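Trainee: Below are the structure tokens for one structure; questions will follow.
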Amino acid sequence: MVRAPGRLELLGNHTDYNEGLVMALAVDKDVFLAGAPRHDPQVEVISTAFPGAVRFALDGIAKDASAPWADYVKGVLLELQRRGVPLRGFNVAIHSTIPLGAGLSSSAALLVSTALLARKLSPYSLAPDGAGTPLPPFGNGELPALGTAEKLALAKLCQAAENRFVGVNCGLLDPLSSLFGRADHVILIDCRDLTVAHTPLHPDLAAVVCHSGVRHALVGGEYNDRRRSCEAAARALGVPSLRHVSLDGLAAGRAKLSAHEYECALHVVGENDRVTRGAARLRAGEFEAFGQLLYQSHESSRLNFRNSCPALDVLVELAKGQPGCLGARLTGGGFGGATLNLVRREAVGAFREAVEAAYEQRTGQRLESWVCRAVDGAA
Ligand code: GLA
């Protein structure tokens with residue numbers, strides 16, 4: 001059995017594929033895989049979330065439009081094969097406690113857990129450049145613990161699986177968060193230097209998720225469009241990525257960009273700035289000021305990046321009026337999904353009750369909310 005947690009993006013929206021900065025938590029919602037080897041080179045996958053079994057041969061991995069959920073498993077196995085890892089057949093059962101389509105990255109948790117399960121059944125190691133080497137079988141089934149460099153290589157493998165096989169051009173935030181989570185800590189990721197650091201999440205602060213019930217689907221569409229616009233903006237500004245642009249630099253180069261490119265770039269460059277300031281605020285215990293940055297992030301999503309939606313805007317607006325709420329914003333890709341609310345712990349019960357009631361009254365929809373704990377990464 002292996003487990004990989006979902007993640008909550010605390011601050012730093014759509015910065016990861018722009019070589020930017022992001023803060024996240026690995027949370028106490030997981031994908032669990034139970035696997036066992038087979039005697040033939042086949043893989044059979046079942047899930048508690050979808051009916052039927054998906055069966056395929058390891059030498060003929062291909063998409064199957066009737067079971068797109070299995071693409072995450074297939075994509076990882078293909079990437080392992082590409083890296084020279086010989087795989088044996090296996091059966092695997094999937095169970096997830098991460099709500100689908102909420103923006104908590106059930107997809108990355110499935111990718112990461114698949115890579116870890118494959119490592120147990122067909123032991124391998126990954127070099128920093130991604131090259132895979134089979135490891136000799138271990139007598140007691142225990143594998144060497146994953147070091148930082150190998151976790152990074154695994155995260156890149158998962159990203160490649162999602163980019164190349166699933167078809168979403170996502171960045172490294174989700175697999176990195178799932179792998180580098182630390183209990184009661186915020187993960188600070190620099191996607192240019194590929195470094196990960198941790199800072200404590202003060203016990204007085206609670207991360208409350210409010211799920212709008214509007215499902216987001218990142219496959220294709222808007223997400224890839226935003227990424228293209230960010231990359232076009234960087235090209236027009238003559239830099240390798242938006243990480244190389246300051247707010248002043250962006251203002252100076254505005255004439256070189258289309259209105260949409262400018263707004264996308266403004267969001268990303270602004271988010272990098274907010275993450276830098278936010279990390280300092282968190283460390284200094286200035287939680288009110290930190291929360292303001294979350295509200296600003298949401299405003300920028302709404303107005304500049306346009307990856308919010310009416311349900312998410314209502315949720316942020318309702319949260320803002322609650323005592324003990326320090327900040328709120330959409331979390332993850334956007335276009336639906338959930339908001340993240342930073343709430344003083346003693347106010348959590350009243351906050352959830354009030355927002356749930358007000359949301360239902362406003363929209364006629366039931367709101368699901370829950371408190372997330374920051375947990376250790378995948379194992
Ligand atoms: C999704 C993607 C991530 C990241 C976020 C937005 O979760 O999978 O790579 O881009 O959106 O920050």
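So you can find residues: chains in the structure tokens are A, B, ... in the order shown, residues in each start at 1, and ligands are numbered from 1 in order.
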Taking only C-alpha atoms and all ligand atoms into account, report as a list in words which residues have an atom no farther than 6 Å from an atom of ligand 1.
Mentor: Asn13, His14, Thr15, Asp16, Cys170, Gly171, Leu172, Leu173, Asp174, Gly332 and Gly333 of chain A
Trainee: Go ahead and save the picked residues with N, CA and C atoms, as an mmCIF file, in the first residue's frame.
Mentor:
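This is the output file out_36.cif:
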```
data_model
loop_
_atom_site.group_PDB
_atom_site.id
_atom_site.type_symbol
_atom_site.label_atom_id
_atom_site.label_comp_id
_atom_site.auth_asym_id
_atom_site.auth_seq_id
_atom_site.Cartn_x
_atom_site.Cartn_y
_atom_site.Cartn_z
ATOM 1 N N ASN A 13 -0.585 31.725 -7.344
ATOM 2 C CA ASN A 13 -1.505 31.091 -8.281
ATOM 3 C C ASN A 13 -0.960 31.157 -9.708
ATOM 4 N N HIS A 14 -0.907 30.012 -10.357
ATOM 5 C CA HIS A 14 -0.385 29.905 -11.724
ATOM 6 C C HIS A 14 1.035 30.461 -11.843
ATOM 7 N N THR A 15 1.772 30.357 -10.760
ATOM 8 C CA THR A 15 3.177 30.786 -10.809
ATOM 9 C C THR A 15 4.095 29.625 -11.167
ATOM 10 N N ASP A 16 3.662 28.395 -10.901
ATOM 11 C CA ASP A 16 4.634 27.277 -10.972
ATOM 12 C C ASP A 16 5.215 27.091 -12.370
ATOM 13 N N CYS A 170 0.291 21.364 -16.857
ATOM 14 C CA CYS A 170 0.437 21.877 -15.487
ATOM 15 C C CYS A 170 1.914 21.964 -15.116
ATOM 16 N N GLY A 171 2.153 22.642 -13.999
ATOM 17 C CA GLY A 171 3.520 22.808 -13.512
ATOM 18 C C GLY A 171 3.851 21.775 -12.455
ATOM 19 N N LEU A 172 4.828 22.120 -11.609
ATOM 20 C CA LEU A 172 5.336 21.140 -10.637
ATOM 21 C C LEU A 172 4.695 21.254 -9.261
ATOM 22 N N LEU A 173 3.854 22.265 -9.065
ATOM 23 C CA LEU A 173 3.302 22.499 -7.727
ATOM 24 C C LEU A 173 2.680 21.253 -7.104
ATOM 25 N N ASP A 174 1.808 20.593 -7.847
ATOM 26 C CA ASP A 174 1.007 19.531 -7.240
ATOM 27 C C ASP A 174 1.842 18.312 -6.831
ATOM 28 N N GLY A 332 -5.747 26.611 -6.424
ATOM 29 C CA GLY A 332 -5.491 25.714 -7.550
ATOM 30 C C GLY A 332 -5.795 26.385 -8.875
ATOM 31 N N GLY A 333 -6.116 25.569 -9.842
ATOM 32 C CA GLY A 333 -6.268 26.073 -11.210
ATOM 33 C C GLY A 333 -7.353 27.123 -11.369
#
```
Trainee: Residues within 12 Å of A:Arg306, please, as an NGL selection string. Count only C-alpha atoms; anything in the same chain fewer than 2 positions from it doesn't count.
Mentor: :A and (13-14 or 222-223 or 225-226 or 260-261 or 263-267 or 297-304 or 308-310 or 312-313 or 330 or 333-336)
Trainee: Rounded to one decimal in Å, what is the spacing between atom CA of A:Pro86 and atom CA of A:Tyr124?
Mentor: 8.6 Å
Trainee: Residues of stretch 55-245 of chain A in strand (DSSP E) according to DSSP, as a ChimeraX atom specification?
Mentor: /A:55-57,90-96,124-126,132-134,185-190,195-200,205-211
Trainee: Write the residues you've just listed into a file as a tab-separated table (two decimals), in the first residue's frame, and include N, CA, C and O atoms for each of them.
Mentor:
```tsv
chain	number	residue	atom	x	y	z
A	55	ARG	N	-7.99	-2.85	-17.94
A	55	ARG	CA	-6.87	-3.80	-18.07
A	55	ARG	C	-6.09	-3.43	-19.32
A	55	ARG	O	-6.68	-3.13	-20.35
A	56	PHE	N	-4.77	-3.44	-19.21
A	56	PHE	CA	-3.95	-3.13	-20.38
A	56	PHE	C	-2.60	-3.84	-20.28
A	56	PHE	O	-2.17	-4.23	-19.19
A	57	ALA	N	-1.94	-3.97	-21.46
A	57	ALA	CA	-0.63	-4.62	-21.51
A	57	ALA	C	0.44	-3.55	-21.35
A	57	ALA	O	0.32	-2.45	-21.90
A	90	PHE	N	0.95	-5.86	-12.67
A	90	PHE	CA	0.38	-5.80	-11.31
A	90	PHE	C	-1.10	-5.48	-11.36
A	90	PHE	O	-1.62	-5.00	-12.37
A	91	ASN	N	-1.75	-5.78	-10.24
A	91	ASN	CA	-3.14	-5.36	-10.02
A	91	ASN	C	-3.11	-4.21	-9.04
A	91	ASN	O	-2.32	-4.22	-8.10
A	92	VAL	N	-3.98	-3.25	-9.25
A	92	VAL	CA	-4.01	-2.13	-8.31
A	92	VAL	C	-5.44	-1.68	-8.06
A	92	VAL	O	-6.27	-1.63	-8.97
A	93	ALA	N	-5.72	-1.38	-6.79
A	93	ALA	CA	-7.02	-0.83	-6.40
A	93	ALA	C	-6.79	0.58	-5.87
A	93	ALA	O	-5.87	0.81	-5.08
A	94	ILE	N	-7.64	1.51	-6.33
A	94	ILE	CA	-7.49	2.93	-5.96
A	94	ILE	C	-8.64	3.34	-5.06
A	94	ILE	O	-9.80	3.05	-5.35
A	95	HIS	N	-8.30	4.02	-3.98
A	95	HIS	CA	-9.34	4.69	-3.19
A	95	HIS	C	-8.86	6.09	-2.84
A	95	HIS	O	-7.72	6.27	-2.41
A	96	SER	N	-9.74	7.06	-3.05
A	96	SER	CA	-9.33	8.44	-2.77
A	96	SER	C	-10.29	9.10	-1.81
A	96	SER	O	-11.51	8.94	-1.92
A	124	TYR	N	13.11	0.74	-8.42
A	124	TYR	CA	13.96	1.55	-9.32
A	124	TYR	C	14.44	2.76	-8.55
A	124	TYR	O	13.89	3.12	-7.51
A	125	SER	N	15.49	3.38	-9.09
A	125	SER	CA	15.86	4.69	-8.56
A	125	SER	C	15.94	5.64	-9.75
A	125	SER	O	16.14	5.22	-10.90
A	126	LEU	N	15.75	6.92	-9.48
A	126	LEU	CA	15.81	7.93	-10.53
A	126	LEU	C	16.98	8.86	-10.24
A	126	LEU	O	17.12	9.36	-9.12
A	132	GLY	N	16.33	6.29	-15.13
A	132	GLY	CA	15.93	5.29	-14.14
A	132	GLY	C	16.88	4.10	-14.15
A	132	GLY	O	17.42	3.73	-15.19
A	133	THR	N	17.11	3.52	-12.98
A	133	THR	CA	17.90	2.30	-12.86
A	133	THR	C	17.13	1.32	-12.01
A	133	THR	O	16.66	1.69	-10.93
A	134	PRO	N	17.00	0.06	-12.48
A	134	PRO	CA	16.34	-0.93	-11.62
A	134	PRO	C	17.19	-1.18	-10.38
A	134	PRO	O	18.41	-1.16	-10.45
A	185	HIS	N	3.27	22.22	8.62
A	185	HIS	CA	4.14	23.19	7.95
A	185	HIS	C	3.59	23.61	6.60
A	185	HIS	O	2.88	22.85	5.94
A	186	VAL	N	3.99	24.81	6.21
A	186	VAL	CA	3.73	25.31	4.86
A	186	VAL	C	4.95	24.97	4.02
A	186	VAL	O	6.09	25.06	4.50
A	187	ILE	N	4.70	24.57	2.77
A	187	ILE	CA	5.81	24.25	1.86
A	187	ILE	C	6.04	25.49	0.99
A	187	ILE	O	5.10	26.03	0.41
A	188	LEU	N	7.28	25.93	0.92
A	188	LEU	CA	7.64	27.08	0.08
A	188	LEU	C	8.43	26.56	-1.11
A	188	LEU	O	9.51	25.97	-0.92
A	189	ILE	N	7.90	26.79	-2.30
A	189	ILE	CA	8.55	26.21	-3.49
A	189	ILE	C	9.03	27.32	-4.40
A	189	ILE	O	8.29	28.26	-4.71
A	190	ASP	N	10.29	27.21	-4.82
A	190	ASP	CA	10.82	28.11	-5.83
A	190	ASP	C	10.96	27.29	-7.12
A	190	ASP	O	11.80	26.39	-7.20
A	195	THR	N	13.88	24.61	-5.50
A	195	THR	CA	14.19	24.37	-4.09
A	195	THR	C	12.88	24.36	-3.30
A	195	THR	O	11.90	25.00	-3.68
A	196	VAL	N	12.89	23.60	-2.22
A	196	VAL	CA	11.71	23.47	-1.37
A	196	VAL	C	12.14	23.76	0.07
A	196	VAL	O	13.15	23.23	0.53
A	197	ALA	N	11.40	24.63	0.75
A	197	ALA	CA	11.68	24.91	2.16
A	197	ALA	C	10.36	24.79	2.92
A	197	ALA	O	9.29	24.67	2.31
A	198	HIS	N	10.44	24.78	4.24
A	198	HIS	CA	9.22	24.66	5.04
A	198	HIS	C	9.20	25.74	6.11
A	198	HIS	O	10.25	26.13	6.62
A	199	THR	N	8.02	26.21	6.43
A	199	THR	CA	7.88	27.14	7.54
A	199	THR	C	6.64	26.70	8.34
A	199	THR	O	5.66	26.25	7.75
A	200	PRO	N	6.71	26.82	9.69
A	200	PRO	CA	5.58	26.30	10.48
A	200	PRO	C	4.28	27.04	10.19
A	200	PRO	O	4.28	28.24	9.91
A	205	LEU	N	-3.89	28.98	13.45
A	205	LEU	CA	-4.47	29.19	12.11
A	205	LEU	C	-5.04	27.89	11.57
A	205	LEU	O	-4.40	26.84	11.66
A	206	ALA	N	-6.23	27.97	10.99
A	206	ALA	CA	-6.82	26.79	10.36
A	206	ALA	C	-7.07	27.07	8.88
A	206	ALA	O	-7.49	28.18	8.51
A	207	ALA	N	-6.81	26.06	8.06
A	207	ALA	CA	-7.09	26.16	6.63
A	207	ALA	C	-8.44	25.50	6.38
A	207	ALA	O	-8.58	24.30	6.55
A	208	VAL	N	-9.42	26.31	6.02
A	208	VAL	CA	-10.77	25.78	5.79
A	208	VAL	C	-11.02	25.80	4.28
A	208	VAL	O	-10.80	26.82	3.62
A	209	VAL	N	-11.47	24.68	3.77
A	209	VAL	CA	-11.80	24.59	2.34
A	209	VAL	C	-13.31	24.69	2.18
A	209	VAL	O	-14.06	24.03	2.89
A	210	CYS	N	-13.74	25.55	1.27
A	210	CYS	CA	-15.17	25.63	0.92
A	210	CYS	C	-15.30	25.22	-0.54
A	210	CYS	O	-14.80	25.91	-1.44
A	211	HIS	N	-15.99	24.11	-0.75
A	211	HIS	CA	-16.09	23.56	-2.11
A	211	HIS	C	-17.38	24.06	-2.76
A	211	HIS	O	-18.47	23.73	-2.31
```
Trainee: Would you mind listing what lies within 8 Å of stretch 366-378 of chain A as a PDB file with C-alpha atoms, in the first residue's frame, with only C-alpha atoms counted and same-chain residues fewer than 6 positions away left out?
Mentor:
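Writing done, so here's out_6.pdb:
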```pdb
ATOM      1  CA  VAL A   2       1.059   3.541  -0.675  1.00  0.00           C
ATOM      2  CA  ARG A   3      -0.488   6.890   0.166  1.00  0.00           C
ATOM      3  CA  ALA A   4      -0.126  10.300  -1.484  1.00  0.00           C
ATOM      4  CA  PRO A   5      -1.838  13.405  -0.093  1.00  0.00           C
ATOM      5  CA  LEU A  25       0.224  22.494   2.185  1.00  0.00           C
ATOM      6  CA  ALA A  26      -0.018  18.745   1.772  1.00  0.00           C
ATOM      7  CA  VAL A  27      -3.373  17.959   3.374  1.00  0.00           C
ATOM      8  CA  ASP A  28      -5.050  15.108   5.204  1.00  0.00           C
ATOM      9  CA  VAL A 112       2.580  10.255  -7.234  1.00  0.00           C
ATOM     10  CA  SER A 113       1.046   7.199  -5.605  1.00  0.00           C
ATOM     11  CA  SER A 177       3.520  19.383  -2.638  1.00  0.00           C
ATOM     12  CA  SER A 178       2.356  15.787  -2.433  1.00  0.00           C
ATOM     13  CA  LEU A 179       5.940  14.562  -2.078  1.00  0.00           C
ATOM     14  CA  PHE A 180       7.420  17.314   0.109  1.00  0.00           C
ATOM     15  CA  GLY A 181       4.567  17.853   2.587  1.00  0.00           C
ATOM     16  CA  ARG A 182       5.488  18.241   6.240  1.00  0.00           C
ATOM     17  CA  ALA A 183       3.062  17.948   9.148  1.00  0.00           C
ATOM     18  CA  ASP A 184       1.952  21.367  10.457  1.00  0.00           C
ATOM     19  CA  HIS A 185       4.142  23.192   7.951  1.00  0.00           C
ATOM     20  CA  VAL A 186       3.730  25.307   4.864  1.00  0.00           C
ATOM     21  CA  ALA A 206      -6.824  26.789  10.362  1.00  0.00           C
ATOM     22  CA  ALA A 207      -7.087  26.165   6.626  1.00  0.00           C
ATOM     23  CA  VAL A 208     -10.767  25.780   5.788  1.00  0.00           C
ATOM     24  CA  VAL A 209     -11.795  24.590   2.339  1.00  0.00           C
ATOM     25  CA  CYS A 210     -15.167  25.627   0.920  1.00  0.00           C
ATOM     26  CA  HIS A 211     -16.091  23.563  -2.112  1.00  0.00           C
ATOM     27  CA  SER A 212     -18.365  25.460  -4.474  1.00  0.00           C
ATOM     28  CA  GLY A 213     -19.668  22.275  -6.049  1.00  0.00           C
ATOM     29  CA  ARG A 352     -18.296  27.162   8.603  1.00  0.00           C
ATOM     30  CA  GLU A 356     -22.599  27.265   4.618  1.00  0.00           C
ATOM     31  CA  TYR A 359     -24.088  30.212   0.513  1.00  0.00           C
ATOM     32  CA  GLU A 360     -27.143  28.002   0.413  1.00  0.00           C
TER      33      GLU A 360
END
```
Trainee: Near A:Leu326, counting only C-alpha atoms, which residues have an atom at most 6 Å away, once you skip same-chain residues fewer than 6 positions from it, shown as a list in words?
Mentor: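 Listing them by chain and then by number gives Glu288, Gly291, Leu342 and Val343 of chain A.
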Trainee: Using the selection just defined, write its residues with C-alpha atoms as a PDB file, in the first residue's frame.
Mentor:
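Produced file part_15.pdb, reproduced below:
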```pdb
ATOM      1  CA  GLU A 288      -3.771  39.748   9.416  1.00  0.00           C
ATOM      2  CA  GLY A 291      -4.553  37.204   5.071  1.00  0.00           C
ATOM      3  CA  LEU A 342      -7.465  31.130   6.565  1.00  0.00           C
ATOM      4  CA  VAL A 343      -9.448  31.275   9.777  1.00  0.00           C
TER       5      VAL A 343
END
```
Trainee: Please compute the atom CA of A:Thr276-atom CA of A:Gln292 distance, one decimal, in Å.
Mentor: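 About the pair atom CA of A:Thr276 and atom CA of A:Gln292: they are 13.7 Å apart.
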Trainee: Please, which residues of stretch 175-315 of chain A, numbered as in this document, come out helix (DSSP H, G or I) from DSSP, as JSON, numbers by chain?
Mentor: {"A": [175, 176, 177, 178, 179, 180, 221, 222, 223, 224, 225, 226, 227, 228, 229, 230, 231, 232, 233, 234, 235, 236, 237, 242, 243, 244, 247, 248, 249, 250, 251, 252, 253, 254, 255, 256, 259, 260, 261, 262, 263, 264, 265, 266, 267, 268, 269, 270, 271, 272, 273, 274, 275, 276, 277, 278, 279, 280, 281, 282, 283, 284, 287, 288, 289, 290, 291, 292, 293, 294, 295, 296, 297, 298, 299, 300, 301, 302, 303, 304, 305, 310, 311, 312, 313, 314, 315]}
Trainee: To one decimal place in Å, what is the distance between atom CA of A:Gly130 and atom CA of A:Gly167?
Mentor: 20.3 Å
Trainee: Point out the residue among A:Val268, A:Gly321, A:Glu346, A:Arg329 with the least atom-to-atom distance to A:Glu19, counting only C-alpha atoms.
Mentor: A:Val268
Trainee: Could you check the closest approach to A:Asp71 for each of A:Val22, A:Val166, A:Leu116, A:Gln42 and tell me which residue wins, using only C-alpha atoms?
Mentor: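 Of all the options, A:Val166 lies closest to A:Asp71.
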Trainee: Restricting the calculation to only C-alpha atoms: of A:Leu78, A:Ala109, A:Leu100, A:Ala338, which residue gets closest to A:Phe165?
Mentor: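 Ranking A:Leu78, A:Ala109, A:Leu100, A:Ala338 by distance to A:Phe165, first place goes to A:Leu78.
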Trainee: Tell me, as a PyMOL selection string, which residues lie within 8 Å of A:Glu231, counting only C-alpha atoms; anything in the same chain fewer than 6 positions away does not count.
Mentor: chain A and resi 18+241-242
Trainee: Can those selected residues be exported to a file as a CSV table (one decimal), in the first residue's frame so that it contains C-alpha atoms?
Mentor:
```
chain,number,residue,atom,x,y,z
A,18,ASN,CA,6.2,30.5,-14.9
A,241,SER,CA,10.0,33.4,-18.0
A,242,LEU,CA,7.8,35.8,-16.1
```
